[in-house]
file coords.tsv (TSV, C-alpha atoms)
chain	number	residue	atom	x	y	z
H	435	MET	CA	-33.47	28.24	52.98
H	436	LYS	CA	-30.72	29.09	50.57
H	437	LEU	CA	-29.68	26.42	48.06
H	438	ARG	CA	-26.33	26.32	46.41
H	439	ASN	CA	-26.35	26.67	42.71
H	440	ARG	CA	-25.03	23.27	41.71
H	441	ALA	CA	-25.10	23.86	37.99
H	442	SER	CA	-22.25	26.26	38.09
H	443	GLY	CA	-20.32	24.00	40.46
H	444	SER	CA	-17.29	21.80	39.92
H	445	ARG	CA	-17.02	19.22	37.11
H	446	ILE	CA	-16.65	15.59	38.08
H	447	ALA	CA	-13.14	14.49	37.24
H	448	VAL	CA	-13.10	10.99	35.76
H	449	ASP	CA	-10.06	8.98	36.74
H	450	MET	CA	-8.49	7.98	33.46
H	451	THR	CA	-5.65	5.89	34.88
H	452	PRO	CA	-7.28	2.40	34.69
H	453	MET	CA	-8.43	3.01	31.13
H	454	ILE	CA	-4.98	4.12	30.05
H	455	ASP	CA	-3.51	1.04	31.75
H	456	VAL	CA	-5.84	-1.29	29.86
H	457	VAL	CA	-5.30	0.52	26.60
H	458	PHE	CA	-1.54	0.18	26.94
H	459	GLN	CA	-1.91	-3.52	27.74
H	460	LEU	CA	-3.94	-3.96	24.57
H	461	LEU	CA	-1.41	-1.99	22.55
H	462	ILE	CA	1.46	-4.15	23.80
H	463	PHE	CA	-0.54	-7.33	23.11
H	464	PHE	CA	-1.21	-6.40	19.50
H	465	MET	CA	2.36	-5.26	18.98
H	466	CYS	CA	3.75	-8.53	20.31
H	467	THR	CA	1.38	-10.80	18.40
H	468	LEU	CA	1.98	-9.03	15.11
H	469	LYS	CA	3.48	-11.31	12.50
H	470	MET	CA	4.45	-9.73	9.23
H	471	ILE	CA	3.28	-12.30	6.68
H	472	GLU	CA	3.21	-11.63	2.98
H	473	PRO	CA	-0.23	-12.08	1.42
H	474	GLU	CA	-0.82	-15.66	0.39
H	475	GLY	CA	-2.93	-17.09	-2.37
H	476	ASP	CA	-3.49	-20.56	-3.71
H	477	PHE	CA	-4.21	-22.70	-6.74
H	478	ASP	CA	-6.94	-25.32	-6.70
H	479	ILE	CA	-5.94	-28.74	-7.89
H	480	SER	CA	-8.54	-31.18	-9.09
H	481	MET	CA	-7.58	-34.69	-8.13
H	482	PRO	CA	-10.67	-36.87	-8.48
H	483	LEU	CA	-10.79	-40.00	-6.38
H	484	GLY	CA	-11.01	-43.47	-7.84
H	485	ALA	CA	-7.91	-43.58	-9.97
H	486	PRO	CA	-5.58	-41.21	-8.15
H	487	MET	CA	-2.69	-39.79	-10.14
H	488	ALA	CA	-3.74	-41.83	-13.17
H	489	ASP	CA	-5.50	-41.11	-16.42
H	490	SER	CA	-8.92	-40.83	-14.85
H	491	VAL	CA	-12.04	-40.69	-16.97
H	492	THR	CA	-13.57	-37.22	-16.83
H	493	ASP	CA	-16.21	-35.29	-18.69
H	494	ALA	CA	-13.55	-33.61	-20.80
H	495	GLU	CA	-13.95	-34.49	-24.46
H	496	LEU	CA	-10.45	-33.47	-25.41
H	497	PRO	CA	-7.27	-35.04	-24.06
H	498	PRO	CA	-5.52	-32.99	-21.36
H	499	PHE	CA	-2.73	-30.56	-22.21
H	500	LYS	CA	0.45	-32.27	-21.13
H	501	VAL	CA	3.16	-30.26	-19.41
H	502	ARG	CA	6.33	-32.32	-18.96
H	503	MET	CA	8.98	-30.87	-16.65
H	504	GLU	CA	12.48	-32.32	-16.48
H	505	ALA	CA	14.94	-31.49	-13.73
H	506	ASP	CA	18.71	-31.67	-13.29
H	507	ALA	CA	20.43	-33.12	-10.20
H	508	ASN	CA	19.87	-29.86	-8.26
H	509	GLY	CA	16.17	-29.82	-8.98
H	510	GLU	CA	16.37	-26.94	-11.46
H	511	LEU	CA	14.13	-26.96	-14.50
H	512	VAL	CA	16.19	-27.94	-17.55
H	513	ASN	CA	13.52	-28.86	-20.00
H	514	LEU	CA	9.85	-28.03	-20.24
H	515	SER	CA	7.61	-29.32	-22.98
H	516	PHE	CA	4.00	-28.51	-23.75
H	517	ASN	CA	2.12	-31.20	-25.68
H	518	GLY	CA	5.47	-32.58	-26.83
H	519	GLU	CA	6.83	-29.23	-27.98
H	520	ASN	CA	10.12	-28.33	-26.32
H	521	LEU	CA	10.18	-24.90	-24.66
H	522	GLY	CA	13.65	-24.92	-23.06
H	523	GLY	CA	14.52	-24.57	-19.39
H	524	GLY	CA	14.49	-22.05	-16.53
H	525	LEU	CA	11.97	-19.28	-15.98
H	526	GLY	CA	12.04	-18.34	-19.69
H	527	ALA	CA	10.35	-21.63	-20.44
H	528	ILE	CA	7.56	-20.74	-17.98
H	529	SER	CA	6.71	-17.55	-19.89
H	530	SER	CA	6.84	-19.49	-23.18
H	531	LEU	CA	4.42	-21.96	-21.62
H	532	ASN	CA	2.11	-19.08	-20.76
H	533	SER	CA	2.03	-17.93	-24.41
H	534	LYS	CA	1.54	-21.49	-25.68
H	535	VAL	CA	-1.40	-22.03	-23.34
H	536	PHE	CA	-2.89	-18.73	-24.52
H	537	ARG	CA	-2.66	-19.85	-28.17
H	538	SER	CA	-4.19	-23.20	-27.35
H	539	ILE	CA	-7.12	-21.72	-25.47
H	540	THR	CA	-7.75	-19.24	-28.29
H	541	ALA	CA	-8.09	-22.25	-30.60
H	542	LEU	CA	-10.39	-23.91	-28.04
H	543	GLN	CA	-12.61	-20.87	-27.81
H	544	ALA	CA	-13.15	-21.11	-31.56
H	545	ILE	CA	-14.65	-24.59	-31.02
H	546	GLY	CA	-16.88	-23.53	-28.15
H	547	SER	CA	-16.57	-21.65	-24.89
H	548	ASP	CA	-17.68	-24.62	-22.77
H	549	GLN	CA	-14.65	-26.58	-23.94
H	550	LEU	CA	-12.44	-24.12	-22.12
H	551	GLU	CA	-14.01	-24.95	-18.77
H	552	LYS	CA	-13.65	-28.69	-19.36
H	553	GLN	CA	-10.09	-28.62	-20.65
H	554	GLU	CA	-7.60	-30.12	-18.24
H	555	VAL	CA	-3.88	-29.64	-17.83
H	556	GLU	CA	-1.76	-32.54	-16.65
H	557	ILE	CA	1.52	-31.63	-15.01
H	558	ASP	CA	4.16	-34.33	-15.21
H	559	PRO	CA	7.30	-33.33	-13.27
H	560	ASP	CA	10.48	-35.23	-12.47
H	561	TYR	CA	10.53	-36.42	-8.85
H	562	ASN	CA	13.33	-34.13	-7.71
H	563	LEU	CA	12.17	-30.96	-9.50
H	564	ASN	CA	11.96	-27.99	-7.11
H	565	TYR	CA	8.35	-27.40	-6.13
H	566	ARG	CA	8.53	-23.70	-7.05
H	567	TYR	CA	8.62	-24.63	-10.76
H	568	ILE	CA	5.38	-26.55	-10.29
H	569	ILE	CA	3.72	-23.45	-8.87
H	570	ASN	CA	5.15	-21.35	-11.72
H	571	ALA	CA	3.83	-23.83	-14.31
H	572	ILE	CA	0.40	-23.95	-12.65
H	573	GLY	CA	0.39	-20.13	-12.63
H	574	ALA	CA	1.34	-20.01	-16.31
H	575	CYS	CA	-1.51	-22.39	-17.19
H	576	SER	CA	-4.08	-20.68	-14.97
H	577	GLY	CA	-3.84	-17.23	-16.53
H	578	ARG	CA	-1.88	-14.04	-16.75
H	579	ILE	CA	-1.88	-10.54	-15.29
H	580	GLY	CA	-3.20	-7.98	-17.77
H	581	GLN	CA	-1.98	-4.43	-18.28
H	582	ASN	CA	-4.07	-2.93	-15.48
H	583	GLY	CA	-3.20	-5.67	-13.05
H	584	VAL	CA	-6.38	-7.55	-13.96
H	585	HIS	CA	-6.28	-11.34	-13.71
H	586	ILE	CA	-7.10	-12.93	-17.07
H	587	PRO	CA	-8.02	-16.59	-16.45
H	588	TYR	CA	-6.99	-19.38	-18.83
H	589	LEU	CA	-7.50	-22.91	-17.52
H	590	GLN	CA	-8.73	-23.91	-14.09
H	591	ARG	CA	-8.65	-27.70	-14.17
H	592	ILE	CA	-5.14	-28.71	-13.26
H	593	LYS	CA	-4.05	-32.17	-12.18
H	594	PHE	CA	-0.89	-34.17	-11.70
H	595	ALA	CA	0.32	-37.10	-13.77
H	596	PRO	CA	1.37	-40.31	-11.96
H	597	ILE	CA	4.49	-39.88	-9.80
H	598	ARG	CA	7.76	-40.55	-11.57
H	599	GLN	CA	10.27	-42.70	-9.76
H	600	GLN	CA	13.20	-41.02	-8.04
H	601	GLN	CA	16.37	-41.35	-10.10
E	1493	MET	CA	0.40	41.67	58.54
E	1494	LYS	CA	-0.84	38.21	57.70
E	1495	PHE	CA	-0.07	36.66	54.28
E	1496	LYS	CA	-2.12	33.97	52.63
E	1497	PRO	CA	-0.06	30.85	51.94
E	1498	ALA	CA	0.50	30.43	48.23
E	1499	ASN	CA	-1.72	27.73	46.69
E	1500	VAL	CA	0.37	24.70	45.76
E	1501	SER	CA	-1.20	23.67	42.49
E	1502	VAL	CA	-0.35	20.38	40.76
E	1503	PRO	CA	0.07	21.03	37.04
E	1504	GLU	CA	-2.43	18.90	35.12
E	1505	ILE	CA	-1.25	17.22	31.96
E	1506	ASP	CA	-3.79	17.00	29.19
E	1507	MET	CA	-3.96	13.29	28.36
E	1508	THR	CA	-6.39	13.60	25.47
E	1509	PRO	CA	-3.89	13.68	22.56
E	1510	MET	CA	-1.97	10.74	23.97
E	1511	ILE	CA	-5.11	8.64	24.33
E	1512	ASP	CA	-6.09	9.61	20.79
E	1513	ILE	CA	-2.78	8.39	19.43
E	1514	VAL	CA	-2.85	5.20	21.46
E	1515	PHE	CA	-6.32	4.36	20.19
E	1516	GLN	CA	-5.16	5.00	16.65
E	1517	LEU	CA	-2.26	2.60	17.19
E	1518	ILE	CA	-4.52	-0.08	18.68
E	1519	THR	CA	-6.90	0.21	15.76
E	1520	PHE	CA	-3.98	-0.07	13.34
E	1521	PHE	CA	-2.59	-3.21	14.97
E	1522	MET	CA	-6.04	-4.78	15.26
E	1523	VAL	CA	-6.70	-4.27	11.58
E	1524	ILE	CA	-3.40	-5.63	10.31
E	1525	THR	CA	-3.26	-8.59	12.67
E	1526	ASN	CA	-4.32	-11.61	10.68
E	1527	PHE	CA	-5.66	-14.28	12.98
E	1528	ASP	CA	-6.51	-16.55	10.03
E	1529	GLN	CA	-2.92	-17.33	9.21
E	1530	ASN	CA	-1.98	-18.64	12.62
E	1531	GLU	CA	-1.67	-22.13	11.19
E	1532	ALA	CA	1.07	-21.00	8.82
E	1533	ASP	CA	4.53	-22.16	9.82
E	1534	GLU	CA	7.39	-19.67	9.55
E	1535	ARG	CA	9.90	-22.35	8.57
E	1536	VAL	CA	8.21	-22.83	5.22
E	1537	THR	CA	9.38	-20.50	2.43
E	1538	LEU	CA	6.52	-20.51	-0.03
E	1539	PRO	CA	7.09	-20.33	-3.77
E	1540	ARG	CA	6.06	-17.05	-5.37
E	1541	ASP	CA	3.55	-16.48	-8.12
E	1542	GLN	CA	1.66	-13.39	-9.17
E	1543	LEU	CA	-1.42	-15.38	-10.06
E	1544	ALA	CA	-1.88	-17.08	-6.71
E	1545	LYS	CA	-5.12	-15.58	-5.47
E	1546	PRO	CA	-6.87	-15.88	-2.13
E	1547	PRO	CA	-9.99	-18.08	-2.22
E	1548	MET	CA	-13.18	-16.25	-3.26
E	1549	ALA	CA	-15.02	-17.36	-0.12
E	1550	VAL	CA	-13.69	-18.42	3.26
E	1551	ARG	CA	-13.34	-22.19	3.32
E	1552	LYS	CA	-15.47	-23.68	6.07
E	1553	ASN	CA	-13.80	-27.06	6.13
E	1554	SER	CA	-10.11	-26.96	5.52
E	1555	PHE	CA	-6.91	-27.90	7.21
E	1556	MET	CA	-3.37	-26.94	6.49
E	1557	LEU	CA	-0.29	-29.04	5.95
E	1558	ASN	CA	3.03	-27.21	6.35
E	1559	PHE	CA	5.73	-29.08	4.44
E	1560	GLY	CA	9.25	-27.72	4.63
E	1561	TYR	CA	12.74	-27.99	6.02
E	1562	ASP	CA	13.82	-27.69	9.63
E	1563	ILE	CA	16.06	-24.62	9.84
E	1564	ASP	CA	18.46	-23.26	12.47
E	1565	SER	CA	18.51	-19.68	13.81
E	1566	THR	CA	20.54	-18.47	10.82
E	1567	GLY	CA	18.01	-19.91	8.38
E	1568	LYS	CA	20.21	-22.80	7.23
E	1569	ARG	CA	18.68	-26.19	6.61
E	1570	LYS	CA	19.37	-28.68	9.42
E	1571	SER	CA	18.77	-31.68	7.21
E	1572	GLU	CA	17.93	-32.51	3.63
E	1573	ILE	CA	14.75	-34.32	4.63
E	1574	PRO	CA	11.58	-32.22	4.50
E	1575	TYR	CA	9.14	-32.48	7.41
E	1576	LEU	CA	5.49	-31.79	7.96
E	1577	PHE	CA	5.14	-29.34	10.84
E	1578	PHE	CA	2.34	-29.49	13.39
E	1579	GLY	CA	3.20	-26.70	15.81
E	1580	ASP	CA	6.19	-27.91	17.83
E	1581	GLU	CA	5.93	-31.43	16.47
E	1582	LYS	CA	7.20	-32.60	13.13
E	1583	ALA	CA	6.83	-35.73	11.05
E	1584	THR	CA	8.42	-37.11	7.92
E	1585	LEU	CA	6.27	-37.98	4.93
E	1586	GLU	CA	6.21	-41.64	5.98
E	1587	GLN	CA	5.17	-40.78	9.55
E	1588	VAL	CA	2.29	-38.46	8.65
E	1589	ARG	CA	-0.22	-41.11	7.58
E	1590	PRO	CA	-1.77	-41.66	11.08
E	1591	ARG	CA	-2.33	-37.91	11.44
E	1592	LEU	CA	-4.10	-37.74	8.09
E	1593	GLN	CA	-6.23	-40.72	9.07
E	1594	GLN	CA	-7.11	-38.94	12.32
E	1595	GLU	CA	-8.07	-35.79	10.41
E	1596	SER	CA	-10.17	-37.83	8.00
E	1597	GLN	CA	-11.88	-39.62	10.90
E	1598	PHE	CA	-12.69	-36.24	12.46
E	1599	TYR	CA	-14.51	-35.01	9.35
E	1600	LYS	CA	-16.31	-38.34	9.07
E	1601	THR	CA	-17.45	-38.07	12.71
E	1602	ILE	CA	-18.83	-34.56	12.32
E	1603	GLY	CA	-20.61	-35.65	9.15
E	1604	THR	CA	-18.75	-33.51	6.63
E	1605	LYS	CA	-18.41	-34.93	3.14
E	1606	TYR	CA	-14.87	-35.40	1.92
E	1607	GLU	CA	-15.70	-33.40	-1.23
E	1608	ASP	CA	-16.26	-30.35	0.98
E	1609	VAL	CA	-12.93	-30.55	2.77
E	1610	THR	CA	-9.98	-28.68	1.28
E	1611	VAL	CA	-6.45	-29.73	2.11
E	1612	GLU	CA	-4.30	-26.60	1.95
E	1613	ILE	CA	-0.72	-27.53	1.20
E	1614	ARG	CA	1.93	-25.00	2.21
E	1615	ALA	CA	5.02	-26.59	0.75
E	1616	ASP	CA	8.48	-25.05	0.69
E	1617	ALA	CA	9.76	-23.86	-2.71
E	1618	ARG	CA	12.73	-26.27	-2.48
E	1619	VAL	CA	10.81	-29.44	-1.66
E	1620	PRO	CA	10.99	-32.06	-4.46
E	1621	ALA	CA	7.80	-32.04	-6.53
E	1622	GLY	CA	7.52	-35.82	-6.24
E	1623	MET	CA	7.18	-35.55	-2.47
E	1624	VAL	CA	4.27	-33.12	-2.79
E	1625	GLN	CA	2.67	-35.57	-5.23
E	1626	GLU	CA	3.23	-38.37	-2.72
E	1627	LEU	CA	1.59	-36.26	-0.01
E	1628	ILE	CA	-1.45	-35.69	-2.24
E	1629	GLN	CA	-1.57	-39.39	-3.08
E	1630	MET	CA	-1.42	-40.23	0.63
E	1631	CYS	CA	-4.37	-37.89	1.24
E	1632	GLN	CA	-6.36	-39.95	-1.27
E	1633	GLU	CA	-5.69	-43.38	0.21
E	1634	ASP	CA	-8.54	-45.67	1.26
E	1635	LYS	CA	-8.85	-44.54	4.87
E	1636	ILE	CA	-8.29	-40.86	4.16
E	1637	GLN	CA	-9.98	-39.96	0.85
E	1638	PHE	CA	-9.63	-36.19	0.62
E	1639	GLN	CA	-10.32	-34.85	-2.84
E	1640	ARG	CA	-9.86	-31.10	-2.86
E	1641	PHE	CA	-6.44	-29.55	-2.66
E	1642	ALA	CA	-5.11	-26.01	-2.72
E	1643	LEU	CA	-1.42	-25.31	-3.25
E	1644	LYS	CA	-0.33	-22.18	-1.42
E	1645	ALA	CA	2.01	-19.53	-2.82
E	1646	THR	CA	3.02	-15.99	-1.99
E	1647	GLN	CA	1.30	-13.41	-4.16
E	1648	LYS	CA	4.43	-11.92	-5.69
E	1649	ALA	CA	6.32	-12.24	-8.94
E	1650	GLU	CA	9.61	-14.15	-9.00
E	1651	PRO	CA	12.47	-11.66	-8.51
call {"tool": "encode", "arguments": {"input": "coords.tsv", "output": "structure tokens"}}
result
Amino acid sequence: MKLRNRASGSRIAVDMTPMIDVVFQLLIFFMCTLKMIEPEGDFDISMPLGAPMADSVTDAELPPFKVRMEADANGELVNLSFNGENLGGGLGAISSLNSKVFRSITALQAIGSDQLEKQEVEIDPDYNLNYRYIINAIGACSGRIGQNGVHIPYLQRIKFAPIRQQQ
Amino acid sequence: MKFKPANVSVPEIDMTPMIDIVFQLITFFMVITNFDQNEADERVTLPRDQLAKPPMAVRKNSFMLNFGYDIDSTGKRKSEIPYLFFGDEKATLEQVRPRLQQESQFYKTIGTKYEDVTVEIRADARVPAGMVQELIQMCQEDKIQFQRFALKATQKAEP
């Protein structure tokens, strides 16, 4: 009996159509669900319970750094002061705040490195101040970006002062 | 004389390069799709700060509060009152208390300590600071008692 040589026979053609269909469906799904969102980060705020928004008793030995932020009628920052020292208004004041915090923490480091971890910052804004200035002030207190894009941390314990009444 | 009929051959298109490209595209879209940020509301324009950094570890217990202005299709504010957005629903600061109590009750029921729950606040850059403080204060009331907060910002420098 003569057998056909199957090895040299025809290749089995796989039907690719269903796979291509599914792949296109997936492609369209991912394209439609794509939302271009800018990368987000956050700042941790320590608000211990018990005496909310008030001068709560903490393990910090030193009084908190006080950042007072005054706003005009439009909510723009007109006056920023750090521990009573006036730093002006606008975004220029935020960068001055950053340098002031740096000087203060350098002095703290001279006392002891553990002081730096315990040191708190208390942010005291006017009621109608635009929230973006709060974020800028928190950023200025929390550190700076070094020359190589490295994050240099300053202070991590940030809290809010009691709410000021709306004027 | 008898002629053989010419073989009618269907030209075959090589699909391989197309499938390659399509798979590349799918992989690209899969990688850049961020399913984590589905809670983020597009109506909120976050403030910008270079130092805002993503959390070191993924937070197991957290919920997000989107606090911003209702805008029309052109991006203009519909009203001067900021709202808290919960998908299609919205609530003013005064109306949000029951929702926060519900959220607090949920964590209590599943046995999670309030110290382990982070409230992520996505507030619009134009919202008055006092209102964000009021929101935090509300989150610390007797029946709610959240203690950890994270203020969200876009990781970019101010222009």
call {"tool": "axis_aligned_box", "arguments": {"input": "coords.tsv", "around": "range 1599-1609 of chain E", "padding_each_side": "8 Å", "output": "lines of an AutoDock Vina configuration file"}}
result
center_x = -16.8
center_y = -34.3
center_z = 5.7
size_x = 23.7
size_y = 24.0
size_z = 29.9
call {"tool": "atom_distance", "arguments": {"input": "coords.tsv", "atom1": "CA of Met503 in chain H", "atom2": "CA of Arg591 in chain H"}}
result
18.1 Å
call {"tool": "residues_around", "arguments": {"input": "coords.tsv", "residues": "Ile1628 in chain E", "least_positions_apart": "5", "cutoff": "12 Å", "atoms": "only C-alpha atoms", "output": "PDB file with C-alpha atoms, in the coordinates of the input"}}
result
ATOM      1  CA  ILE H 479      -5.940 -28.740  -7.890  1.00  0.00           C
ATOM      2  CA  SER H 480      -8.540 -31.180  -9.090  1.00  0.00           C
ATOM      3  CA  MET H 481      -7.580 -34.690  -8.130  1.00  0.00           C
ATOM      4  CA  PRO H 482     -10.670 -36.870  -8.480  1.00  0.00           C
ATOM      5  CA  LEU H 483     -10.790 -40.000  -6.380  1.00  0.00           C
ATOM      6  CA  PRO H 486      -5.580 -41.210  -8.150  1.00  0.00           C
ATOM      7  CA  MET H 487      -2.690 -39.790 -10.140  1.00  0.00           C
ATOM      8  CA  LYS H 593      -4.050 -32.170 -12.180  1.00  0.00           C
ATOM      9  CA  PHE H 594      -0.890 -34.170 -11.700  1.00  0.00           C
ATOM     10  CA  ALA H 595       0.320 -37.100 -13.770  1.00  0.00           C
ATOM     11  CA  PRO H 596       1.370 -40.310 -11.960  1.00  0.00           C
ATOM     12  CA  ILE H 597       4.490 -39.880  -9.800  1.00  0.00           C
TER      13      ILE H 597
ATOM     14  CA  LEU E1557      -0.290 -29.040   5.950  1.00  0.00           C
ATOM     15  CA  PHE E1559       5.730 -29.080   4.440  1.00  0.00           C
ATOM     16  CA  LEU E1585       6.270 -37.980   4.930  1.00  0.00           C
ATOM     17  CA  VAL E1588       2.290 -38.460   8.650  1.00  0.00           C
ATOM     18  CA  ARG E1589      -0.220 -41.110   7.580  1.00  0.00           C
ATOM     19  CA  LEU E1592      -4.100 -37.740   8.090  1.00  0.00           C
ATOM     20  CA  THR E1610      -9.980 -28.680   1.280  1.00  0.00           C
ATOM     21  CA  VAL E1611      -6.450 -29.730   2.110  1.00  0.00           C
ATOM     22  CA  GLU E1612      -4.300 -26.600   1.950  1.00  0.00           C
ATOM     23  CA  ILE E1613      -0.720 -27.530   1.200  1.00  0.00           C
ATOM     24  CA  ALA E1615       5.020 -26.590   0.750  1.00  0.00           C
ATOM     25  CA  ALA E1621       7.800 -32.040  -6.530  1.00  0.00           C
ATOM     26  CA  GLY E1622       7.520 -35.820  -6.240  1.00  0.00           C
ATOM     27  CA  MET E1623       7.180 -35.550  -2.470  1.00  0.00           C
ATOM     28  CA  GLU E1633      -5.690 -43.380   0.210  1.00  0.00           C
ATOM     29  CA  ILE E1636      -8.290 -40.860   4.160  1.00  0.00           C
ATOM     30  CA  GLN E1637      -9.980 -39.960   0.850  1.00  0.00           C
ATOM     31  CA  PHE E1638      -9.630 -36.190   0.620  1.00  0.00           C
ATOM     32  CA  GLN E1639     -10.320 -34.850  -2.840  1.00  0.00           C
ATOM     33  CA  ARG E1640      -9.860 -31.100  -2.860  1.00  0.00           C
ATOM     34  CA  PHE E1641      -6.440 -29.550  -2.660  1.00  0.00           C
ATOM     35  CA  ALA E1642      -5.110 -26.010  -2.720  1.00  0.00           C
ATOM     36  CA  LEU E1643      -1.420 -25.310  -3.250  1.00  0.00           C
TER      37      LEU E1643
END
call {"tool": "interface_residues", "arguments": {"input": "coords.tsv", "of": "chain E", "to": "chain H", "cutoff": "7 Å", "atoms": "only C-alpha atoms", "output": "PyMOL selection string"}}
result
chain E and resi 1518+1521-1522+1525+1539+1541+1543-1546+1617-1622+1625+1629+1632+1639-1647
call {"tool": "closest_residue", "arguments": {"input": "coords.tsv", "among": "E:Arg1551, E:Arg1535, E:Lys1600, E:Lys1648", "to": "Lys1570 in chain E", "atoms": "all atoms listed in the file"}}
result
E:Arg1535
call {"tool": "atom_distance", "arguments": {"input": "coords.tsv", "atom1": "CA of Gln1587 in chain E", "atom2": "CA of Asp1564 in chain E"}}
result
22.2 Å
call {"tool": "atom_distance", "arguments": {"input": "coords.tsv", "atom1": "CA of Met1507 in chain E", "atom2": "CA of Thr451 in chain H"}}
result
10.0 Å
call {"tool": "residues_around", "arguments": {"input": "coords.tsv", "residues": "Ser1571 in chain E", "least_positions_apart": "5", "cutoff": "10 Å", "atoms": "all atoms listed in the file", "output": "list in words"}}
result
Tyr1561, Asp1562, Ile1563 and Asp1564 of chain E
